[in-house]
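The structure file final09.csv is reproduced below (CSV, C-alpha atoms).
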```csv
chain,number,residue,atom,x,y,z
A,1,MET,CA,0.0,0.0,0.0
A,2,THR,CA,1.4,3.3,-1.0
A,3,ALA,CA,1.8,6.4,1.2
A,4,ARG,CA,-0.9,8.0,-1.0
A,5,ASP,CA,-3.3,5.2,-0.1
A,6,HIS,CA,-2.5,5.6,3.6
A,7,GLY,CA,-3.3,9.4,3.4
A,8,HIS,CA,-6.5,8.7,1.6
A,9,ARG,CA,-7.6,6.2,4.3
A,10,ARG,CA,-6.8,8.7,7.1
A,11,LYS,CA,-9.0,11.3,5.4
A,12,MET,CA,-11.8,8.8,5.0
A,13,ARG,CA,-11.5,7.9,8.7
A,14,LYS,CA,-11.8,11.5,9.7
A,15,TRP,CA,-14.9,12.0,7.6
A,16,ARG,CA,-16.5,8.9,9.1
A,17,ILE,CA,-16.0,10.4,12.5
A,18,ALA,CA,-16.9,14.0,11.7
A,19,THR,CA,-20.0,13.4,9.7
A,20,PRO,CA,-22.0,11.7,12.5
A,21,LEU,CA,-20.9,14.5,14.8
A,22,VAL,CA,-22.1,17.2,12.4
A,23,PHE,CA,-25.5,15.5,12.1
A,24,GLY,CA,-25.7,15.0,15.8
A,25,CYS,CA,-25.1,18.7,16.4
A,26,ALA,CA,-27.7,19.7,13.8
A,27,GLY,CA,-30.2,17.4,15.4
A,28,MET,CA,-29.5,19.0,18.8
A,29,LEU,CA,-30.1,22.4,17.3
A,30,PHE,CA,-33.4,21.4,15.7
A,31,TRP,CA,-34.6,19.8,19.0
A,32,SER,CA,-33.6,22.9,20.9
A,33,SER,CA,-35.5,25.2,18.5
A,34,ALA,CA,-38.6,23.0,18.6
A,35,ASN,CA,-38.5,22.8,22.4
A,36,SER,CA,-38.0,26.6,22.8
A,37,SER,CA,-40.8,27.5,20.3
A,38,ASP,CA,-43.3,25.0,21.7
A,39,GLY,CA,-45.0,25.0,18.3
A,40,THR,CA,-45.0,28.8,17.8
A,41,ASP,CA,-43.1,31.1,15.5
A,42,LEU,CA,-39.7,32.0,16.9
A,43,ARG,CA,-39.8,35.3,14.9
A,44,PRO,CA,-43.3,36.7,15.5
A,45,GLY,CA,-44.3,40.0,14.1
A,46,ARG,CA,-42.5,39.5,10.8
A,47,ASN,CA,-44.3,41.1,7.8
A,48,ASP,CA,-44.1,39.6,4.4
A,49,ASP,CA,-45.0,42.7,2.5
A,50,LEU,CA,-45.2,46.5,2.8
A,51,ALA,CA,-49.0,46.5,3.1
A,52,SER,CA,-48.8,44.1,6.1
A,53,LEU,CA,-46.2,46.3,7.6
A,54,VAL,CA,-48.3,49.5,7.2
A,55,ARG,CA,-51.3,47.8,8.7
A,56,SER,CA,-49.3,46.5,11.6
A,57,GLU,CA,-47.7,49.8,12.4
A,58,SER,CA,-51.0,51.6,12.1
A,59,LYS,CA,-52.7,49.2,14.6
A,60,GLN,CA,-49.8,49.7,17.0
A,61,TYR,CA,-49.9,53.4,16.8
A,62,GLN,CA,-53.7,53.5,17.1
A,63,ALA,CA,-53.4,51.4,20.3
A,64,LEU,CA,-50.8,53.8,21.7
A,65,GLU,CA,-53.0,56.8,20.7
A,66,ASP,CA,-56.1,55.2,22.4
A,67,ARG,CA,-54.0,54.6,25.5
A,68,ALA,CA,-52.7,58.2,25.5
A,69,ALA,CA,-56.2,59.5,25.2
A,70,ALA,CA,-57.4,57.4,28.2
A,71,LEU,CA,-54.4,58.7,30.2
A,72,ASN,CA,-55.2,62.3,29.3
A,73,ARG,CA,-58.8,61.8,30.4
A,74,ASP,CA,-57.5,60.4,33.7
A,75,VAL,CA,-55.2,63.4,34.2
A,76,ASP,CA,-58.0,65.8,33.5
A,77,ARG,CA,-60.4,64.0,35.9
A,78,LEU,CA,-57.8,63.9,38.7
A,79,THR,CA,-56.7,67.5,38.1
A,80,GLY,CA,-60.4,68.6,38.3
A,81,GLN,CA,-60.6,67.1,41.8
A,82,VAL,CA,-57.8,69.4,43.0
A,83,GLN,CA,-59.3,72.3,45.0
A,84,ASP,CA,-56.2,74.5,45.0
A,85,ARG,CA,-57.1,78.0,43.9
A,86,SER,CA,-54.0,78.4,41.7
A,87,VAL,CA,-54.7,75.1,39.9
A,88,ARG,CA,-58.3,76.1,39.2
A,89,THR,CA,-57.1,79.5,37.8
A,90,GLU,CA,-54.6,77.7,35.4
A,91,ARG,CA,-57.3,75.3,34.3
A,92,ARG,CA,-59.6,78.2,33.4
A,93,LYS,CA,-56.8,79.6,31.3
A,94,ALA,CA,-56.1,76.3,29.6
A,95,ALA,CA,-59.8,75.9,28.8
A,96,VAL,CA,-59.8,79.2,26.9
A,97,LEU,CA,-56.8,78.0,24.9
A,98,ALA,CA,-58.0,74.5,24.3
A,99,GLY,CA,-60.2,75.4,21.3
A,100,PRO,CA,-57.5,77.3,19.3
A,101,ALA,CA,-55.0,74.6,20.1
A,102,GLY,CA,-57.1,71.9,18.6
A,103,PHE,CA,-58.3,70.2,21.7
A,104,GLY,CA,-62.0,71.2,21.3
A,105,HIS,CA,-64.7,69.8,19.0
A,106,VAL,CA,-65.6,72.2,16.2
A,107,GLU,CA,-68.4,71.9,13.6
A,108,GLY,CA,-70.2,74.2,11.2
A,109,GLY,CA,-70.1,75.4,7.7
A,110,GLY,CA,-66.9,75.0,5.7
A,111,LEU,CA,-65.1,73.7,2.7
A,112,ARG,CA,-64.1,70.2,1.5
A,113,VAL,CA,-61.3,69.5,-0.9
A,114,VAL,CA,-60.4,66.0,-2.2
A,115,LEU,CA,-57.1,65.2,-3.9
A,116,SER,CA,-56.4,62.0,-5.7
A,117,ASP,CA,-53.9,60.3,-8.0
A,118,SER,CA,-54.5,60.3,-11.7
A,119,PRO,CA,-56.8,57.4,-12.9
A,120,ALA,CA,-55.0,54.1,-13.6
A,121,GLU,CA,-55.6,54.3,-17.3
A,122,VAL,CA,-54.0,57.7,-17.5
A,123,ARG,CA,-50.9,56.6,-15.4
A,124,GLU,CA,-50.5,53.6,-17.7
A,125,SER,CA,-50.8,55.5,-21.0
A,126,SER,CA,-49.4,59.0,-20.2
A,127,ASP,CA,-45.9,60.1,-21.3
A,128,GLU,CA,-45.8,62.7,-18.6
A,129,ASN,CA,-43.5,62.5,-15.6
A,130,ILE,CA,-45.0,60.0,-13.1
A,131,ASN,CA,-44.5,62.6,-10.3
A,132,LEU,CA,-47.2,64.8,-12.0
A,133,LEU,CA,-49.7,61.9,-11.8
A,134,ILE,CA,-49.7,61.4,-8.0
A,135,VAL,CA,-50.5,63.5,-5.0
A,136,HIS,CA,-47.6,64.7,-3.0
A,137,GLN,CA,-47.1,66.1,0.5
A,138,GLN,CA,-46.7,69.6,-0.8
A,139,ASP,CA,-50.1,69.4,-2.6
A,140,ILE,CA,-51.9,68.6,0.6
A,141,GLN,CA,-49.9,71.2,2.5
A,142,ALA,CA,-50.7,73.9,-0.1
A,143,VAL,CA,-54.5,73.3,0.5
A,144,VAL,CA,-54.1,73.4,4.3
A,145,ASN,CA,-52.0,76.6,4.2
A,146,ALA,CA,-54.5,78.3,1.9
A,147,MET,CA,-57.4,77.3,4.2
A,148,TRP,CA,-55.5,78.7,7.3
A,149,ARG,CA,-54.8,82.0,5.5
A,150,ALA,CA,-58.5,82.2,4.5
A,151,GLY,CA,-59.5,82.1,8.2
A,152,ALA,CA,-60.2,78.4,8.9
A,153,GLU,CA,-61.2,77.7,12.5
A,154,ALA,CA,-60.2,74.0,12.3
A,155,ILE,CA,-58.8,71.7,9.6
A,156,THR,CA,-58.8,67.9,9.3
A,157,VAL,CA,-57.0,65.6,6.9
A,158,GLN,CA,-58.5,62.1,6.5
A,159,GLY,CA,-60.6,63.0,9.6
A,160,GLN,CA,-57.5,63.7,11.7
A,161,ARG,CA,-57.5,67.1,13.4
A,162,LEU,CA,-54.5,69.2,12.6
A,163,VAL,CA,-52.6,70.8,15.5
A,164,SER,CA,-49.4,72.8,15.8
A,165,THR,CA,-47.3,69.6,16.1
A,166,THR,CA,-48.9,67.8,13.2
A,167,GLY,CA,-46.5,66.8,10.4
A,168,ILE,CA,-47.7,65.8,6.9
A,169,LYS,CA,-45.2,63.7,5.1
A,170,CYS,CA,-45.0,61.2,2.3
A,171,ALA,CA,-44.7,57.5,3.2
A,172,GLY,CA,-44.3,55.5,0.0
A,173,ASN,CA,-47.6,55.9,-2.0
A,174,SER,CA,-49.4,57.1,1.1
A,175,VAL,CA,-49.2,60.1,3.4
A,176,GLU,CA,-48.4,59.9,7.1
A,177,LEU,CA,-50.2,61.9,9.7
A,178,GLN,CA,-49.3,61.7,13.4
A,179,GLY,CA,-47.6,58.4,12.7
A,180,ILE,CA,-50.5,56.7,10.8
A,181,PRO,CA,-50.2,56.2,7.0
A,182,TYR,CA,-53.3,57.0,4.9
A,183,PRO,CA,-53.8,56.1,1.2
A,184,GLN,CA,-55.3,58.4,-1.4
A,185,PRO,CA,-57.8,60.0,-2.0
A,186,PHE,CA,-56.9,62.6,0.6
A,187,VAL,CA,-59.9,64.4,2.1
A,188,ILE,CA,-59.2,67.9,3.5
A,189,GLU,CA,-61.9,69.7,5.4
A,190,ALA,CA,-62.0,73.1,7.1
A,191,VAL,CA,-64.5,74.7,9.4
A,192,GLY,CA,-65.1,78.4,8.6
A,193,ASP,CA,-66.8,80.8,6.3
A,194,PRO,CA,-67.3,78.7,3.1
A,195,THR,CA,-67.1,81.6,0.7
A,196,ALA,CA,-63.9,83.0,2.2
A,197,LEU,CA,-62.3,79.6,2.3
A,198,GLN,CA,-63.1,78.9,-1.3
A,199,ALA,CA,-61.8,82.4,-2.3
A,200,GLY,CA,-58.6,81.7,-0.5
A,201,VAL,CA,-58.1,78.4,-2.2
A,202,ASP,CA,-59.0,79.9,-5.6
A,203,ALA,CA,-56.4,82.7,-5.2
A,204,ASP,CA,-53.5,80.4,-4.3
A,205,PRO,CA,-51.0,80.3,-7.2
A,206,TYR,CA,-49.7,76.8,-6.5
A,207,LEU,CA,-53.3,75.4,-6.4
A,208,THR,CA,-54.2,77.3,-9.5
A,209,TYR,CA,-51.4,75.4,-11.3
A,210,TYR,CA,-52.5,72.1,-9.7
A,211,ARG,CA,-56.0,72.6,-10.9
A,212,SER,CA,-54.8,73.3,-14.5
A,213,GLN,CA,-53.2,69.9,-14.4
A,214,SER,CA,-56.4,68.3,-13.2
A,215,VAL,CA,-58.2,69.3,-16.4
A,216,ASP,CA,-55.2,68.3,-18.6
A,217,PRO,CA,-56.2,64.9,-20.1
A,218,ALA,CA,-52.6,63.8,-20.1
A,219,ILE,CA,-52.3,64.3,-16.4
A,220,ALA,CA,-55.9,64.4,-14.9
A,221,ILE,CA,-54.7,64.6,-11.3
A,222,GLY,CA,-57.7,64.4,-9.0
A,223,TRP,CA,-59.4,67.6,-7.7
A,224,GLU,CA,-62.8,68.1,-6.1
A,225,MET,CA,-63.9,71.2,-4.0
A,226,ASN,CA,-67.3,71.7,-2.5
A,227,GLN,CA,-68.7,74.1,0.1
A,228,SER,CA,-70.6,72.4,3.0
A,229,SER,CA,-72.9,73.4,5.7
A,230,ASP,CA,-71.9,70.6,8.1
A,231,VAL,CA,-68.1,70.1,8.5
A,232,VAL,CA,-67.0,68.3,11.7
A,233,ALA,CA,-63.5,68.7,13.2
A,234,PRO,CA,-63.2,66.4,16.2
A,235,ALA,CA,-60.9,67.3,19.1
A,236,TYR,CA,-57.3,66.1,18.8
A,237,ASN,CA,-56.8,63.2,21.1
A,238,GLY,CA,-53.4,61.9,19.9
A,239,LEU,CA,-50.0,61.9,21.5
A,240,ARG,CA,-48.9,65.2,22.9
A,241,THR,CA,-45.2,65.5,22.3
A,242,LEU,CA,-45.0,69.2,23.1
A,243,GLN,CA,-45.0,69.9,26.9
A,244,TYR,CA,-44.7,73.7,26.9
A,245,ALA,CA,-43.9,76.6,24.6
A,246,THR,CA,-42.6,80.1,25.0
A,247,ALA,CA,-43.3,83.2,23.0
A,248,LEU,CA,-40.8,84.0,20.3
A,249,ASP,CA,-38.9,87.3,20.9
A,250,PRO,CA,-39.6,89.5,17.8
A,251,GLU,CA,-36.0,90.7,17.8
A,252,ASP,CA,-34.8,87.1,17.4
A,253,SER,CA,-37.1,86.4,14.4
```
Could the structure of this file be written out as structure tokens, please?
Amino acid sequence: MTARDHGHRRKMRKWRIATPLVFGCAGMLFWSSANSSDGTDLRPGRNDDLASLVRSESKQYQALEDRAAALNRDVDRLTGQVQDRSVRTERRKAAVLAGPAGFGHVEGGGLRVVLSDSPAEVRESSDENINLLIVHQQDIQAVVNAMWRAGAEAITVQGQRLVSTTGIKCAGNSVELQGIPYPQPFVIEAVGDPTALQAGVDADPYLTYYRSQSVDPAIAIGWEMNQSSDVVAPAYNGLRTLQYATALDPEDS
């Protein structure tokens, strides 16, 4: 037997020993995983697609928002039981500011604007830039700003009350408000003088250009505007990240 044959036999002997050890270790890992999981997924919460992730995150945020609203009610109830004179004075001051800050229910006449992406058949056949065929954050913000300038008392987007800390931002093909993503069409409603609100929207240069694109067959971006005698803006009951604020010194602006 040659030295080469001896070397080959030694390698084969090592493999005969190593192979059972490898399979044995793998078996121990499988048994450990099965025992630890007890029949359940060891990686719960995994989302297979973006839609599932959006739904999951929305549910989690909604649960947190509901919990925050309940805690805020508890704080208000307990604070109301305090008989200290200075506390009652501050509560009266806060009550006066609650409405303008967005923490009071408002309803009445107003204006309703609906923005939506171009129809599917237009998006599929149009040679225009795709960005012209979908609603963006700045489009929604332009409507909101025009309404504020026209004297709106309260504004909602997708039924969510806008307050000073509300951010409107794009999240894929949806828009995120207070942590919750919403798909189009985007419904923007304002409580106030309907005629003044519509005049303010009509006079806005950005929205004038947007509306010209809505009647262009090659773009056909969605636009609807109607006055209403019954617009409802519920009180904001979401998370309150801002604890206090101070007046800005005019010399620093």
Given the point (-58.5, 71.0, 18.6) in the coordinates of this file, which residues lie within 8 Å, counting all atoms listed in the file, and how would they look as a list in words? Ala98, Gly99, Pro100, Ala101, Gly102, Phe103, Gly104, His105, Val106, Ala154, Arg161, Leu162, Val163, Ala233, Pro234, Ala235 and Tyr236 of chain A
What would the list of residues within 9 Å of (-57.1, 71.1, -6.7) (file frame) look like as a ChimeraX atom specification, if all atoms listed in the file are what count? /A:113-115,139,143,201,207-214,221-225
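Among A:Ala247, A:Val191, A:Ala196, A:Val135, the residue with the shortest atom-to-atom distance to Gly172 of chain A, counting all atoms listed in the file, is A:Val135.
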Applying 6 Å and all atoms listed in the file, which residues near segment 173-185 of chain A remain after dropping the ones on its own chain fewer than 2 positions away? List them as a VMD selection string. chain A and resid 58 115 to 116 168 to 171
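Residue nearest Asp193 of chain A within the list A:Leu133, A:Ala150, A:Ile219, A:Ala120: A:Ala150 [criterion: smallest interatomic distance, only C-alpha atoms].
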Would you list the contacts of Arg112 of chain A as a PyMOL selection string, taking every protein, DNA or RNA residue within 10 Å and counting all atoms listed in the file, but skipping same-chain residues closer than 4 positions in sequence? chain A and resi 155-156+187-191+194+197-198+224-228+231
Looking at A:Ser86, A:Gln158, A:Asn237, A:Thr165, which one is nearest to Asn72 of chain A, with distances taken over only C-alpha atoms?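 With only C-alpha atoms as the atom set, the closest residue is A:Asn237.
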What gap, in Å, lies between atom CA of Asn145 of chain A and atom CA of Ile130 of chain A? 25.0 Å
